[in-house]
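Read through the structure below, which is laid out as structure tokens, and then see the notes.
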Amino acid sequence: MQINVTARHLRLTPAINEYVKKKLEKTKRFLDHLIWAQVVLDVSKERHSAEVIIHAAGHTFTAKEESADLYAAIDLASDNIDEQLRRYKDRHRERRPAFRRRTGREQKWSTDTAVSMAEPVDPRVSSMRVLRLLALSVNEAISAMDHSDSAHWIFLNRDNRRVTVVYRKPDKTFGVVESIS
């Protein structure tokens with residue numbers, strides 16, 4: 001995550017800059033997909049303020065705090081951002097364990113499944129399916145696509161035994177993608 005620190009009406013010292021970066025480094029423990037952060041420090045007479053803006057994928061978090069001390073204002077804004085990120089993470093985490101049925105028993109996965117369920121999945125993945133591939137020709141797959149609303153069809157090509165994808169192009173023609181080993 002890139003952190004930009006801006007100072008208004010004060011000189012930004014390396015100590016202040018490092019302190020801000022150290023306080024914002026712990027925000028990574030809440031979300032993996034933080035893009036960048038902007039910190040604006042402002043001093044006017046007896047009032048010190050710190051404004052923190054963090055951009056994540058699809059969401060922006062902001063906090064602005066004032067105090068008599070600049071470091072205290074940074075601490076308050078950082079704590080406020082941490083709380084916002086914690087609440088966001090709690091609201092968006094999956095409520096049920098991923099591999100449980102409604103009865104509470106663990107689901108048995110065969111070892112010959114093409115997808116490895118042990119490795120962590122990127123949080124941007126919204127759904128995952130395991131398919132049983134049918135042995136079809138390309139013409140049969142196109143015919144099957146014509147009878148469905150699907151924009152693509154995944155199958156095992158009967159002619160060469162490769163995993164193949166047929167997809168609809170915007171100009172109403174079809175594209176074919178085949179795997180190689």
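In the structure tokens, chains take the letters A, B, ... in the order shown, each chain's residues start at 1, and ligands count up from 1 in the order shown.
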Residues near Lys89 of chain A, cut-off 7 Å, only C-alpha atoms, skip fewer than 4 positions along chain, as a PyMOL selection string: chain A and resi 30+85+93
9 Å contact set for Val177 of chain A, only C-alpha atoms, chain neighbours under 5 positions out, as a PyMOL selection string: chain A and resi 163-167
Would you please give, as an mmCIF file with all heavy atoms, in the first residue's frame, all residues of segment 4-150 of chain A that DSSP assigns to helix (DSSP H, G or I) based on the backbone?
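File produced: part.cif:
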data_model
loop_
_atom_site.group_PDB
_atom_site.id
_atom_site.type_symbol
_atom_site.label_atom_id
_atom_site.label_comp_id
_atom_site.auth_asym_id
_atom_site.auth_seq_id
_atom_site.Cartn_x
_atom_site.Cartn_y
_atom_site.Cartn_z
ATOM 1 N N PRO A 14 11.129 13.748 9.126
ATOM 2 C CA PRO A 14 11.194 12.295 8.903
ATOM 3 C C PRO A 14 10.592 11.498 10.068
ATOM 4 O O PRO A 14 10.012 10.434 9.858
ATOM 5 C CB PRO A 14 12.689 12.015 8.766
ATOM 6 C CG PRO A 14 13.284 13.308 8.320
ATOM 7 C CD PRO A 14 12.446 14.371 8.958
ATOM 8 N N ALA A 15 10.695 12.013 11.288
ATOM 9 C CA ALA A 15 10.132 11.315 12.442
ATOM 10 C C ALA A 15 8.608 11.244 12.349
ATOM 11 O O ALA A 15 8.009 10.187 12.605
ATOM 12 C CB ALA A 15 10.545 12.023 13.728
ATOM 13 N N ILE A 16 7.968 12.351 11.972
ATOM 14 C CA ILE A 16 6.507 12.357 11.819
ATOM 15 C C ILE A 16 6.092 11.439 10.673
ATOM 16 O O ILE A 16 5.145 10.656 10.798
ATOM 17 C CB ILE A 16 5.983 13.796 11.591
ATOM 18 C CG1 ILE A 16 6.219 14.664 12.825
ATOM 19 C CG2 ILE A 16 4.508 13.785 11.228
ATOM 20 C CD1 ILE A 16 5.905 16.127 12.617
ATOM 21 N N ASN A 17 6.822 11.509 9.575
ATOM 22 C CA ASN A 17 6.527 10.678 8.420
ATOM 23 C C ASN A 17 6.616 9.190 8.782
ATOM 24 O O ASN A 17 5.723 8.401 8.444
ATOM 25 C CB ASN A 17 7.488 11.018 7.288
ATOM 26 C CG ASN A 17 7.042 10.464 5.965
ATOM 27 O OD1 ASN A 17 5.885 10.128 5.781
ATOM 28 N ND2 ASN A 17 7.976 10.358 5.032
ATOM 29 N N GLU A 18 7.676 8.785 9.474
ATOM 30 C CA GLU A 18 7.839 7.383 9.881
ATOM 31 C C GLU A 18 6.770 6.969 10.884
ATOM 32 O O GLU A 18 6.276 5.838 10.841
ATOM 33 C CB GLU A 18 9.232 7.150 10.466
ATOM 34 C CG GLU A 18 10.336 7.160 9.447
ATOM 35 C CD GLU A 18 10.116 6.125 8.345
ATOM 36 O OE1 GLU A 18 9.789 4.961 8.664
ATOM 37 O OE2 GLU A 18 10.251 6.490 7.168
ATOM 38 N N TYR A 19 6.381 7.873 11.782
ATOM 39 C CA TYR A 19 5.352 7.563 12.768
ATOM 40 C C TYR A 19 4.015 7.285 12.085
ATOM 41 O O TYR A 19 3.321 6.323 12.421
ATOM 42 C CB TYR A 19 5.219 8.712 13.772
ATOM 43 C CG TYR A 19 4.292 8.408 14.918
ATOM 44 C CD1 TYR A 19 4.689 7.575 15.950
ATOM 45 C CD2 TYR A 19 3.015 8.940 14.948
ATOM 46 C CE1 TYR A 19 3.831 7.281 16.998
ATOM 47 C CE2 TYR A 19 2.144 8.659 15.991
ATOM 48 C CZ TYR A 19 2.566 7.836 17.015
ATOM 49 O OH TYR A 19 1.715 7.536 18.047
ATOM 50 N N VAL A 20 3.665 8.107 11.101
ATOM 51 C CA VAL A 20 2.416 7.917 10.363
ATOM 52 C C VAL A 20 2.451 6.593 9.614
ATOM 53 O O VAL A 20 1.488 5.814 9.665
ATOM 54 C CB VAL A 20 2.175 9.102 9.386
ATOM 55 C CG1 VAL A 20 1.071 8.789 8.408
ATOM 56 C CG2 VAL A 20 1.877 10.366 10.151
ATOM 57 N N LYS A 21 3.555 6.302 8.947
ATOM 58 C CA LYS A 21 3.649 5.054 8.190
ATOM 59 C C LYS A 21 3.593 3.839 9.105
ATOM 60 O O LYS A 21 2.965 2.834 8.764
ATOM 61 C CB LYS A 21 4.915 5.044 7.342
ATOM 62 C CG LYS A 21 4.818 6.023 6.190
ATOM 63 C CD LYS A 21 6.012 5.984 5.292
ATOM 64 C CE LYS A 21 5.791 6.974 4.150
ATOM 65 N NZ LYS A 21 6.861 6.993 3.196
ATOM 66 N N LYS A 22 4.209 3.943 10.280
ATOM 67 C CA LYS A 22 4.177 2.838 11.234
ATOM 68 C C LYS A 22 2.749 2.600 11.734
ATOM 69 O O LYS A 22 2.302 1.455 11.860
ATOM 70 C CB LYS A 22 5.100 3.133 12.421
ATOM 71 C CG LYS A 22 5.234 1.992 13.407
ATOM 72 C CD LYS A 22 6.125 2.365 14.551
ATOM 73 C CE LYS A 22 5.269 2.285 15.778
ATOM 74 N NZ LYS A 22 5.647 3.030 16.900
ATOM 75 N N LYS A 23 2.013 3.675 11.996
ATOM 76 C CA LYS A 23 0.630 3.541 12.480
ATOM 77 C C LYS A 23 -0.280 2.950 11.400
ATOM 78 O O LYS A 23 -1.210 2.210 11.716
ATOM 79 C CB LYS A 23 0.069 4.887 12.934
ATOM 80 C CG LYS A 23 0.712 5.445 14.182
ATOM 81 C CD LYS A 23 0.500 4.535 15.361
ATOM 82 C CE LYS A 23 -0.784 4.861 16.058
ATOM 83 N NZ LYS A 23 -0.983 4.097 17.283
ATOM 84 N N LEU A 24 -0.032 3.272 10.131
ATOM 85 C CA LEU A 24 -0.900 2.784 9.066
ATOM 86 C C LEU A 24 -0.505 1.403 8.550
ATOM 87 O O LEU A 24 -1.294 0.766 7.858
ATOM 88 C CB LEU A 24 -0.937 3.778 7.908
ATOM 89 C CG LEU A 24 -1.650 5.090 8.211
ATOM 90 C CD1 LEU A 24 -1.643 5.983 6.997
ATOM 91 C CD2 LEU A 24 -3.072 4.847 8.678
ATOM 92 N N GLU A 25 0.668 0.928 8.882
ATOM 93 C CA GLU A 25 1.077 -0.410 8.453
ATOM 94 C C GLU A 25 0.172 -1.487 9.045
ATOM 95 O O GLU A 25 -0.059 -2.513 8.431
ATOM 96 C CB GLU A 25 2.535 -0.683 8.834
ATOM 97 C CG GLU A 25 3.540 -0.051 7.916
ATOM 98 C CD GLU A 25 3.440 -0.542 6.488
ATOM 99 O OE1 GLU A 25 3.318 -1.759 6.279
ATOM 100 O OE2 GLU A 25 3.468 0.298 5.582
ATOM 101 N N LYS A 26 -0.340 -1.249 10.259
ATOM 102 C CA LYS A 26 -1.171 -2.271 10.891
ATOM 103 C C LYS A 26 -2.549 -2.390 10.263
ATOM 104 O O LYS A 26 -3.266 -3.345 10.545
ATOM 105 C CB LYS A 26 -1.278 -2.038 12.394
ATOM 106 C CG LYS A 26 -1.972 -0.767 12.797
ATOM 107 C CD LYS A 26 -1.957 -0.611 14.303
ATOM 108 C CE LYS A 26 -2.656 0.662 14.705
ATOM 109 N NZ LYS A 26 -2.697 0.827 16.130
ATOM 110 N N THR A 27 -2.924 -1.460 9.376
ATOM 111 C CA THR A 27 -4.217 -1.574 8.701
ATOM 112 C C THR A 27 -4.235 -2.744 7.725
ATOM 113 O O THR A 27 -5.305 -3.247 7.397
ATOM 114 C CB THR A 27 -4.571 -0.283 7.936
ATOM 115 O OG1 THR A 27 -3.550 -0.017 6.976
ATOM 116 C CG2 THR A 27 -4.710 0.892 8.876
ATOM 117 N N LYS A 28 -3.064 -3.206 7.302
ATOM 118 C CA LYS A 28 -2.995 -4.320 6.360
ATOM 119 C C LYS A 28 -3.518 -5.612 6.976
ATOM 120 O O LYS A 28 -3.894 -6.522 6.256
ATOM 121 C CB LYS A 28 -1.562 -4.524 5.893
ATOM 122 C CG LYS A 28 -1.060 -3.422 4.995
ATOM 123 C CD LYS A 28 0.352 -3.697 4.568
ATOM 124 C CE LYS A 28 0.909 -2.547 3.767
ATOM 125 N NZ LYS A 28 2.314 -2.755 3.432
ATOM 126 N N ARG A 29 -3.538 -5.699 8.283
ATOM 127 C CA ARG A 29 -4.016 -6.943 8.905
ATOM 128 C C ARG A 29 -5.528 -7.102 8.763
ATOM 129 O O ARG A 29 -6.049 -8.196 8.928
ATOM 130 C CB ARG A 29 -3.601 -6.998 10.370
ATOM 131 C CG ARG A 29 -4.350 -6.040 11.254
ATOM 132 C CD ARG A 29 -3.964 -6.214 12.712
ATOM 133 N NE ARG A 29 -4.725 -5.275 13.516
ATOM 134 C CZ ARG A 29 -4.220 -4.434 14.368
ATOM 135 N NH1 ARG A 29 -2.924 -4.419 14.558
ATOM 136 N NH2 ARG A 29 -4.977 -3.623 15.057
ATOM 137 N N LEU A 70 -0.092 16.736 17.977
ATOM 138 C CA LEU A 70 -0.130 16.153 16.646
ATOM 139 C C LEU A 70 -0.085 14.634 16.698
ATOM 140 O O LEU A 70 -0.843 13.953 16.003
ATOM 141 C CB LEU A 70 1.025 16.691 15.789
ATOM 142 C CG LEU A 70 1.063 16.196 14.352
ATOM 143 C CD1 LEU A 70 -0.183 16.638 13.593
ATOM 144 C CD2 LEU A 70 2.307 16.684 13.650
ATOM 145 N N TYR A 71 0.784 14.081 17.540
ATOM 146 C CA TYR A 71 0.892 12.629 17.650
ATOM 147 C C TYR A 71 -0.403 12.012 18.191
ATOM 148 O O TYR A 71 -0.811 10.932 17.762
ATOM 149 C CB TYR A 71 2.086 12.234 18.525
ATOM 150 C CG TYR A 71 3.410 12.457 17.836
ATOM 151 C CD1 TYR A 71 4.129 13.631 18.016
ATOM 152 C CD2 TYR A 71 3.943 11.504 16.985
ATOM 153 C CE1 TYR A 71 5.340 13.846 17.394
ATOM 154 C CE2 TYR A 71 5.157 11.688 16.343
ATOM 155 C CZ TYR A 71 5.845 12.866 16.556
ATOM 156 O OH TYR A 71 7.044 13.066 15.917
ATOM 157 N N ALA A 72 -1.064 12.702 19.094
ATOM 158 C CA ALA A 72 -2.345 12.208 19.617
ATOM 159 C C ALA A 72 -3.408 12.227 18.519
ATOM 160 O O ALA A 72 -4.225 11.301 18.427
ATOM 161 C CB ALA A 72 -2.790 13.054 20.809
ATOM 162 N N ALA A 73 -3.411 13.247 17.692
ATOM 163 C CA ALA A 73 -4.362 13.319 16.586
ATOM 164 C C ALA A 73 -4.118 12.179 15.591
ATOM 165 O O ALA A 73 -5.067 11.564 15.089
ATOM 166 C CB ALA A 73 -4.267 14.668 15.884
ATOM 167 N N ILE A 74 -2.848 11.878 15.319
ATOM 168 C CA ILE A 74 -2.509 10.760 14.431
ATOM 169 C C ILE A 74 -2.990 9.444 15.039
ATOM 170 O O ILE A 74 -3.579 8.601 14.357
ATOM 171 C CB ILE A 74 -0.991 10.727 14.152
ATOM 172 C CG1 ILE A 74 -0.565 11.960 13.353
ATOM 173 C CG2 ILE A 74 -0.600 9.444 13.418
ATOM 174 C CD1 ILE A 74 0.935 12.162 13.261
ATOM 175 N N ASP A 75 -2.758 9.264 16.346
ATOM 176 C CA ASP A 75 -3.203 8.049 17.028
ATOM 177 C C ASP A 75 -4.721 7.902 16.957
ATOM 178 O O ASP A 75 -5.240 6.811 16.661
ATOM 179 C CB ASP A 75 -2.769 8.056 18.493
ATOM 180 C CG ASP A 75 -1.273 7.870 18.661
ATOM 181 O OD1 ASP A 75 -0.621 7.393 17.713
ATOM 182 O OD2 ASP A 75 -0.764 8.204 19.754
ATOM 183 N N LEU A 76 -5.460 8.979 17.221
ATOM 184 C CA LEU A 76 -6.916 8.919 17.194
ATOM 185 C C LEU A 76 -7.448 8.596 15.800
ATOM 186 O O LEU A 76 -8.361 7.771 15.647
ATOM 187 C CB LEU A 76 -7.506 10.243 17.687
ATOM 188 C CG LEU A 76 -7.320 10.552 19.175
ATOM 189 C CD1 LEU A 76 -7.730 11.990 19.460
ATOM 190 C CD2 LEU A 76 -8.125 9.580 20.014
ATOM 191 N N ALA A 77 -6.885 9.217 14.775
ATOM 192 C CA ALA A 77 -7.325 8.955 13.404
ATOM 193 C C ALA A 77 -6.986 7.527 12.992
ATOM 194 O O ALA A 77 -7.795 6.844 12.353
ATOM 195 C CB ALA A 77 -6.687 9.956 12.448
ATOM 196 N N SER A 78 -5.815 7.068 13.378
ATOM 197 C CA SER A 78 -5.412 5.694 13.060
ATOM 198 C C SER A 78 -6.329 4.681 13.749
ATOM 199 O O SER A 78 -6.751 3.694 13.144
ATOM 200 C CB SER A 78 -3.963 5.466 13.467
ATOM 201 O OG SER A 78 -3.608 4.121 13.310
ATOM 202 N N ASP A 79 -6.653 4.925 15.005
ATOM 203 C CA ASP A 79 -7.559 4.027 15.737
ATOM 204 C C ASP A 79 -8.950 4.031 15.104
ATOM 205 O O ASP A 79 -9.604 2.986 15.023
ATOM 206 C CB ASP A 79 -7.650 4.435 17.205
ATOM 207 C CG ASP A 79 -6.342 4.199 17.957
ATOM 208 O OD1 ASP A 79 -5.477 3.456 17.428
ATOM 209 O OD2 ASP A 79 -6.187 4.765 19.051
ATOM 210 N N ASN A 80 -9.405 5.210 14.671
ATOM 211 C CA ASN A 80 -10.701 5.317 14.022
ATOM 212 C C ASN A 80 -10.728 4.514 12.720
ATOM 213 O O ASN A 80 -11.681 3.774 12.446
ATOM 214 C CB ASN A 80 -11.020 6.793 13.759
ATOM 215 C CG ASN A 80 -12.440 7.025 13.324
ATOM 216 O OD1 ASN A 80 -13.063 6.184 12.706
ATOM 217 N ND2 ASN A 80 -12.941 8.209 13.642
ATOM 218 N N ILE A 81 -9.686 4.625 11.914
ATOM 219 C CA ILE A 81 -9.588 3.868 10.661
ATOM 220 C C ILE A 81 -9.534 2.375 10.957
ATOM 221 O O ILE A 81 -10.185 1.572 10.277
ATOM 222 C CB ILE A 81 -8.358 4.320 9.841
ATOM 223 C CG1 ILE A 81 -8.631 5.652 9.166
ATOM 224 C CG2 ILE A 81 -7.933 3.281 8.820
ATOM 225 C CD1 ILE A 81 -9.598 5.600 8.008
ATOM 226 N N ASP A 82 -8.754 1.977 11.965
ATOM 227 C CA ASP A 82 -8.668 0.557 12.327
ATOM 228 C C ASP A 82 -10.044 0.008 12.690
ATOM 229 O O ASP A 82 -10.408 -1.099 12.294
ATOM 230 C CB ASP A 82 -7.703 0.343 13.492
ATOM 231 C CG ASP A 82 -6.250 0.524 13.091
ATOM 232 O OD1 ASP A 82 -5.966 0.565 11.880
ATOM 233 O OD2 ASP A 82 -5.407 0.636 14.007
ATOM 234 N N GLU A 83 -10.819 0.772 13.426
ATOM 235 C CA GLU A 83 -12.159 0.336 13.820
ATOM 236 C C GLU A 83 -13.075 0.223 12.603
ATOM 237 O O GLU A 83 -13.847 -0.735 12.481
ATOM 238 C CB GLU A 83 -12.744 1.316 14.838
ATOM 239 C CG GLU A 83 -14.104 0.938 15.353
ATOM 240 C CD GLU A 83 -14.124 -0.384 16.108
ATOM 241 O OE1 GLU A 83 -13.075 -0.825 16.619
ATOM 242 O OE2 GLU A 83 -15.210 -0.984 16.179
ATOM 243 N N GLN A 84 -12.983 1.179 11.677
ATOM 244 C CA GLN A 84 -13.794 1.110 10.461
ATOM 245 C C GLN A 84 -13.443 -0.128 9.635
ATOM 246 O O GLN A 84 -14.332 -0.829 9.136
ATOM 247 C CB GLN A 84 -13.584 2.353 9.606
ATOM 248 C CG GLN A 84 -14.200 3.609 10.155
ATOM 249 C CD GLN A 84 -13.920 4.794 9.244
ATOM 250 O OE1 GLN A 84 -13.891 4.659 8.026
ATOM 251 N NE2 GLN A 84 -13.725 5.955 9.841
ATOM 252 N N LEU A 85 -12.142 -0.400 9.498
ATOM 253 C CA LEU A 85 -11.708 -1.562 8.726
ATOM 254 C C LEU A 85 -12.127 -2.864 9.402
ATOM 255 O O LEU A 85 -12.532 -3.815 8.736
ATOM 256 C CB LEU A 85 -10.191 -1.531 8.525
ATOM 257 C CG LEU A 85 -9.668 -0.436 7.598
ATOM 258 C CD1 LEU A 85 -8.158 -0.364 7.669
ATOM 259 C CD2 LEU A 85 -10.119 -0.674 6.173
ATOM 260 N N ARG A 86 -12.045 -2.912 10.725
ATOM 261 C CA ARG A 86 -12.449 -4.109 11.465
ATOM 262 C C ARG A 86 -13.940 -4.374 11.258
ATOM 263 O O ARG A 86 -14.354 -5.498 10.975
ATOM 264 C CB ARG A 86 -12.148 -3.971 12.949
ATOM 265 C CG ARG A 86 -12.441 -5.253 13.744
ATOM 266 C CD ARG A 86 -12.443 -5.017 15.237
ATOM 267 N NE ARG A 86 -13.442 -4.035 15.660
ATOM 268 C CZ ARG A 86 -14.756 -4.286 15.747
ATOM 269 N NH1 ARG A 86 -15.227 -5.458 15.421
ATOM 270 N NH2 ARG A 86 -15.586 -3.341 16.146
ATOM 271 N N ARG A 87 -14.765 -3.323 11.373
ATOM 272 C CA ARG A 87 -16.208 -3.486 11.174
ATOM 273 C C ARG A 87 -16.521 -3.913 9.743
ATOM 274 O O ARG A 87 -17.382 -4.766 9.508
ATOM 275 C CB ARG A 87 -16.943 -2.195 11.512
ATOM 276 C CG ARG A 87 -17.087 -1.951 12.994
ATOM 277 C CD ARG A 87 -18.114 -0.865 13.299
ATOM 278 N NE ARG A 87 -18.041 0.287 12.439
ATOM 279 C CZ ARG A 87 -17.488 1.456 12.749
ATOM 280 N NH1 ARG A 87 -16.959 1.635 13.943
ATOM 281 N NH2 ARG A 87 -17.474 2.448 11.896
ATOM 282 N N TYR A 88 -15.833 -3.323 8.780
ATOM 283 C CA TYR A 88 -16.033 -3.684 7.374
ATOM 284 C C TYR A 88 -15.685 -5.150 7.145
ATOM 285 O O TYR A 88 -16.427 -5.883 6.486
ATOM 286 C CB TYR A 88 -15.175 -2.784 6.475
ATOM 287 C CG TYR A 88 -15.325 -3.070 5.005
ATOM 288 C CD1 TYR A 88 -16.390 -2.541 4.275
ATOM 289 C CD2 TYR A 88 -14.406 -3.858 4.336
ATOM 290 C CE1 TYR A 88 -16.527 -2.790 2.925
ATOM 291 C CE2 TYR A 88 -14.536 -4.123 2.987
ATOM 292 C CZ TYR A 88 -15.590 -3.587 2.288
ATOM 293 O OH TYR A 88 -15.729 -3.842 0.952
ATOM 294 N N LYS A 89 -14.561 -5.588 7.698
ATOM 295 C CA LYS A 89 -14.144 -6.977 7.544
ATOM 296 C C LYS A 89 -15.151 -7.920 8.196
ATOM 297 O O LYS A 89 -15.495 -8.958 7.640
ATOM 298 C CB LYS A 89 -12.758 -7.180 8.155
ATOM 299 C CG LYS A 89 -12.223 -8.579 7.990
ATOM 300 C CD LYS A 89 -10.857 -8.706 8.597
ATOM 301 C CE LYS A 89 -10.319 -10.111 8.477
ATOM 302 N NZ LYS A 89 -9.007 -10.243 9.087
ATOM 303 N N ASP A 90 -15.647 -7.562 9.379
ATOM 304 C CA ASP A 90 -16.630 -8.405 10.064
ATOM 305 C C ASP A 90 -17.931 -8.501 9.273
ATOM 306 O O ASP A 90 -18.544 -9.565 9.203
ATOM 307 C CB ASP A 90 -16.926 -7.862 11.463
ATOM 308 C CG ASP A 90 -15.780 -8.090 12.429
ATOM 309 O OD1 ASP A 90 -14.869 -8.874 12.094
ATOM 310 O OD2 ASP A 90 -15.793 -7.468 13.507
ATOM 311 N N ARG A 91 -18.358 -7.403 8.672
ATOM 312 C CA ARG A 91 -19.604 -7.413 7.907
ATOM 313 C C ARG A 91 -19.486 -8.223 6.620
ATOM 314 O O ARG A 91 -20.467 -8.783 6.148
ATOM 315 C CB ARG A 91 -20.028 -5.997 7.542
ATOM 316 C CG ARG A 91 -20.722 -5.259 8.645
ATOM 317 C CD ARG A 91 -21.389 -4.009 8.110
ATOM 318 N NE ARG A 91 -20.508 -3.154 7.356
ATOM 319 C CZ ARG A 91 -19.888 -2.074 7.829
ATOM 320 N NH1 ARG A 91 -20.054 -1.717 9.085
ATOM 321 N NH2 ARG A 91 -19.108 -1.351 7.062
ATOM 322 N N HIS A 92 -18.306 -8.262 6.030
ATOM 323 C CA HIS A 92 -18.155 -8.886 4.724
ATOM 324 C C HIS A 92 -17.526 -10.275 4.771
ATOM 325 O O HIS A 92 -17.298 -10.864 3.717
ATOM 326 C CB HIS A 92 -17.341 -7.975 3.800
ATOM 327 C CG HIS A 92 -18.113 -6.765 3.407
ATOM 328 N ND1 HIS A 92 -18.144 -5.631 4.183
ATOM 329 C CD2 HIS A 92 -18.919 -6.528 2.353
ATOM 330 C CE1 HIS A 92 -18.915 -4.741 3.602
ATOM 331 N NE2 HIS A 92 -19.404 -5.260 2.497
ATOM 332 N N VAL A 138 -17.050 -29.975 -30.961
ATOM 333 C CA VAL A 138 -17.248 -28.532 -30.941
ATOM 334 C C VAL A 138 -18.648 -28.183 -31.441
ATOM 335 O O VAL A 138 -19.344 -27.333 -30.865
ATOM 336 C CB VAL A 138 -16.156 -27.811 -31.775
ATOM 337 C CG1 VAL A 138 -16.445 -26.334 -31.898
ATOM 338 C CG2 VAL A 138 -14.782 -28.035 -31.169
ATOM 339 N N ASN A 139 -19.120 -28.880 -32.495
ATOM 340 C CA ASN A 139 -20.456 -28.607 -33.034
ATOM 341 C C ASN A 139 -21.540 -28.956 -32.020
ATOM 342 O O ASN A 139 -22.547 -28.244 -31.910
ATOM 343 C CB ASN A 139 -20.673 -29.375 -34.340
ATOM 344 C CG ASN A 139 -19.819 -28.826 -35.469
ATOM 345 O OD1 ASN A 139 -19.452 -27.657 -35.451
ATOM 346 N ND2 ASN A 139 -19.493 -29.672 -36.431
ATOM 347 N N GLU A 140 -21.366 -30.048 -31.268
ATOM 348 C CA GLU A 140 -22.344 -30.411 -30.248
ATOM 349 C C GLU A 140 -22.376 -29.369 -29.125
ATOM 350 O O GLU A 140 -23.430 -29.049 -28.591
ATOM 351 C CB GLU A 140 -22.039 -31.794 -29.674
ATOM 352 C CG GLU A 140 -22.275 -32.924 -30.651
ATOM 353 C CD GLU A 140 -21.755 -34.251 -30.129
ATOM 354 O OE1 GLU A 140 -20.809 -34.256 -29.314
ATOM 355 O OE2 GLU A 140 -22.287 -35.284 -30.558
ATOM 356 N N ALA A 141 -21.205 -28.828 -28.756
ATOM 357 C CA ALA A 141 -21.138 -27.801 -27.711
ATOM 358 C C ALA A 141 -21.836 -26.525 -28.169
ATOM 359 O O ALA A 141 -22.570 -25.888 -27.391
ATOM 360 C CB ALA A 141 -19.686 -27.522 -27.339
ATOM 361 N N ILE A 142 -21.652 -26.141 -29.427
ATOM 362 C CA ILE A 142 -22.323 -24.952 -29.957
ATOM 363 C C ILE A 142 -23.830 -25.173 -29.976
ATOM 364 O O ILE A 142 -24.611 -24.280 -29.622
ATOM 365 C CB ILE A 142 -21.773 -24.597 -31.355
ATOM 366 C CG1 ILE A 142 -20.335 -24.085 -31.225
ATOM 367 C CG2 ILE A 142 -22.649 -23.565 -32.049
ATOM 368 C CD1 ILE A 142 -19.626 -23.866 -32.538
ATOM 369 N N SER A 143 -24.253 -26.366 -30.345
ATOM 370 C CA SER A 143 -25.684 -26.681 -30.339
ATOM 371 C C SER A 143 -26.248 -26.623 -28.919
ATOM 372 O O SER A 143 -27.343 -26.111 -28.699
ATOM 373 C CB SER A 143 -25.892 -28.070 -30.936
ATOM 374 O OG SER A 143 -27.233 -28.440 -30.852
ATOM 375 N N ALA A 144 -25.487 -27.115 -27.940
ATOM 376 C CA ALA A 144 -25.921 -27.051 -26.540
ATOM 377 C C ALA A 144 -26.003 -25.601 -26.065
ATOM 378 O O ALA A 144 -26.899 -25.244 -25.293
ATOM 379 C CB ALA A 144 -24.974 -27.858 -25.663
ATOM 380 N N MET A 145 -25.068 -24.762 -26.512
ATOM 381 C CA MET A 145 -25.095 -23.345 -26.141
ATOM 382 C C MET A 145 -26.316 -22.647 -26.718
ATOM 383 O O MET A 145 -26.885 -21.765 -26.079
ATOM 384 C CB MET A 145 -23.837 -22.623 -26.626
ATOM 385 C CG MET A 145 -22.640 -22.800 -25.736
ATOM 386 S SD MET A 145 -21.236 -21.876 -26.333
ATOM 387 C CE MET A 145 -21.803 -20.216 -26.192
ATOM 388 N N ASP A 146 -26.721 -23.021 -27.923
ATOM 389 C CA ASP A 146 -27.892 -22.408 -28.549
ATOM 390 C C ASP A 146 -29.157 -22.679 -27.748
ATOM 391 O O ASP A 146 -30.099 -21.891 -27.780
ATOM 392 C CB ASP A 146 -28.061 -22.905 -29.983
ATOM 393 C CG ASP A 146 -27.040 -22.292 -30.924
ATOM 394 O OD1 ASP A 146 -26.521 -21.200 -30.608
ATOM 395 O OD2 ASP A 146 -26.780 -22.900 -31.975
#
Atom-to-atom span, atom CA of Ser49 of chain A and atom CA of Phe61 of chain A, Å: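 Distance between the two atoms: 16.9 Å.
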Residues within 7 Å of segment 31-45 of chain A, please, as a PDB file with C-alpha atoms, in the first residue's frame. Count only C-alpha atoms; anything in the same chain fewer than 2 positions from it doesn't count.
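Here's the written file out_2.pdb:
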ATOM      1  CA  MET A   1       0.000   0.000   0.000  1.00  0.00           C
ATOM      2  CA  GLN A   2       1.332   3.405  -0.959  1.00  0.00           C
ATOM      3  CA  ILE A   3       1.119   6.051   1.791  1.00  0.00           C
ATOM      4  CA  ASN A   4       1.170   9.767   0.914  1.00  0.00           C
ATOM      5  CA  VAL A   5       1.660  12.210   3.788  1.00  0.00           C
ATOM      6  CA  THR A   6       0.828  15.910   3.322  1.00  0.00           C
ATOM      7  CA  ALA A   7       1.575  18.600   5.907  1.00  0.00           C
ATOM      8  CA  ARG A   8      -0.222  21.953   6.102  1.00  0.00           C
ATOM      9  CA  HIS A   9       1.241  24.789   8.130  1.00  0.00           C
ATOM     10  CA  LEU A  10       4.033  22.634   9.512  1.00  0.00           C
ATOM     11  CA  LYS A  28      -2.995  -4.320   6.360  1.00  0.00           C
ATOM     12  CA  ARG A  29      -4.016  -6.943   8.905  1.00  0.00           C
ATOM     13  CA  ARG A  47      -5.412  22.705  17.226  1.00  0.00           C
ATOM     14  CA  HIS A  48      -3.659  19.783  15.529  1.00  0.00           C
ATOM     15  CA  SER A  49      -5.640  17.621  13.116  1.00  0.00           C
ATOM     16  CA  ALA A  50      -4.959  14.426  11.214  1.00  0.00           C
ATOM     17  CA  GLU A  51      -7.130  13.231   8.344  1.00  0.00           C
ATOM     18  CA  VAL A  52      -6.644   9.710   6.999  1.00  0.00           C
ATOM     19  CA  ILE A  53      -8.169   8.506   3.735  1.00  0.00           C
ATOM     20  CA  ILE A  54      -7.659   4.873   2.716  1.00  0.00           C
ATOM     21  CA  HIS A  55      -8.718   3.547  -0.675  1.00  0.00           C
ATOM     22  CA  ALA A  56      -9.464  -0.159  -0.930  1.00  0.00           C
ATOM     23  CA  ALA A  57     -10.919  -2.091  -3.819  1.00  0.00           C
TER      24      ALA A  57
END
Contacts of Leu136 of chain A within 9 Å, only C-alpha atoms, excl. fewer than 6 positions in-chain, as a list in words: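 Contacts, in chain order: Phe155, Leu156, Asn157, Arg158 and Asp159 of chain A.
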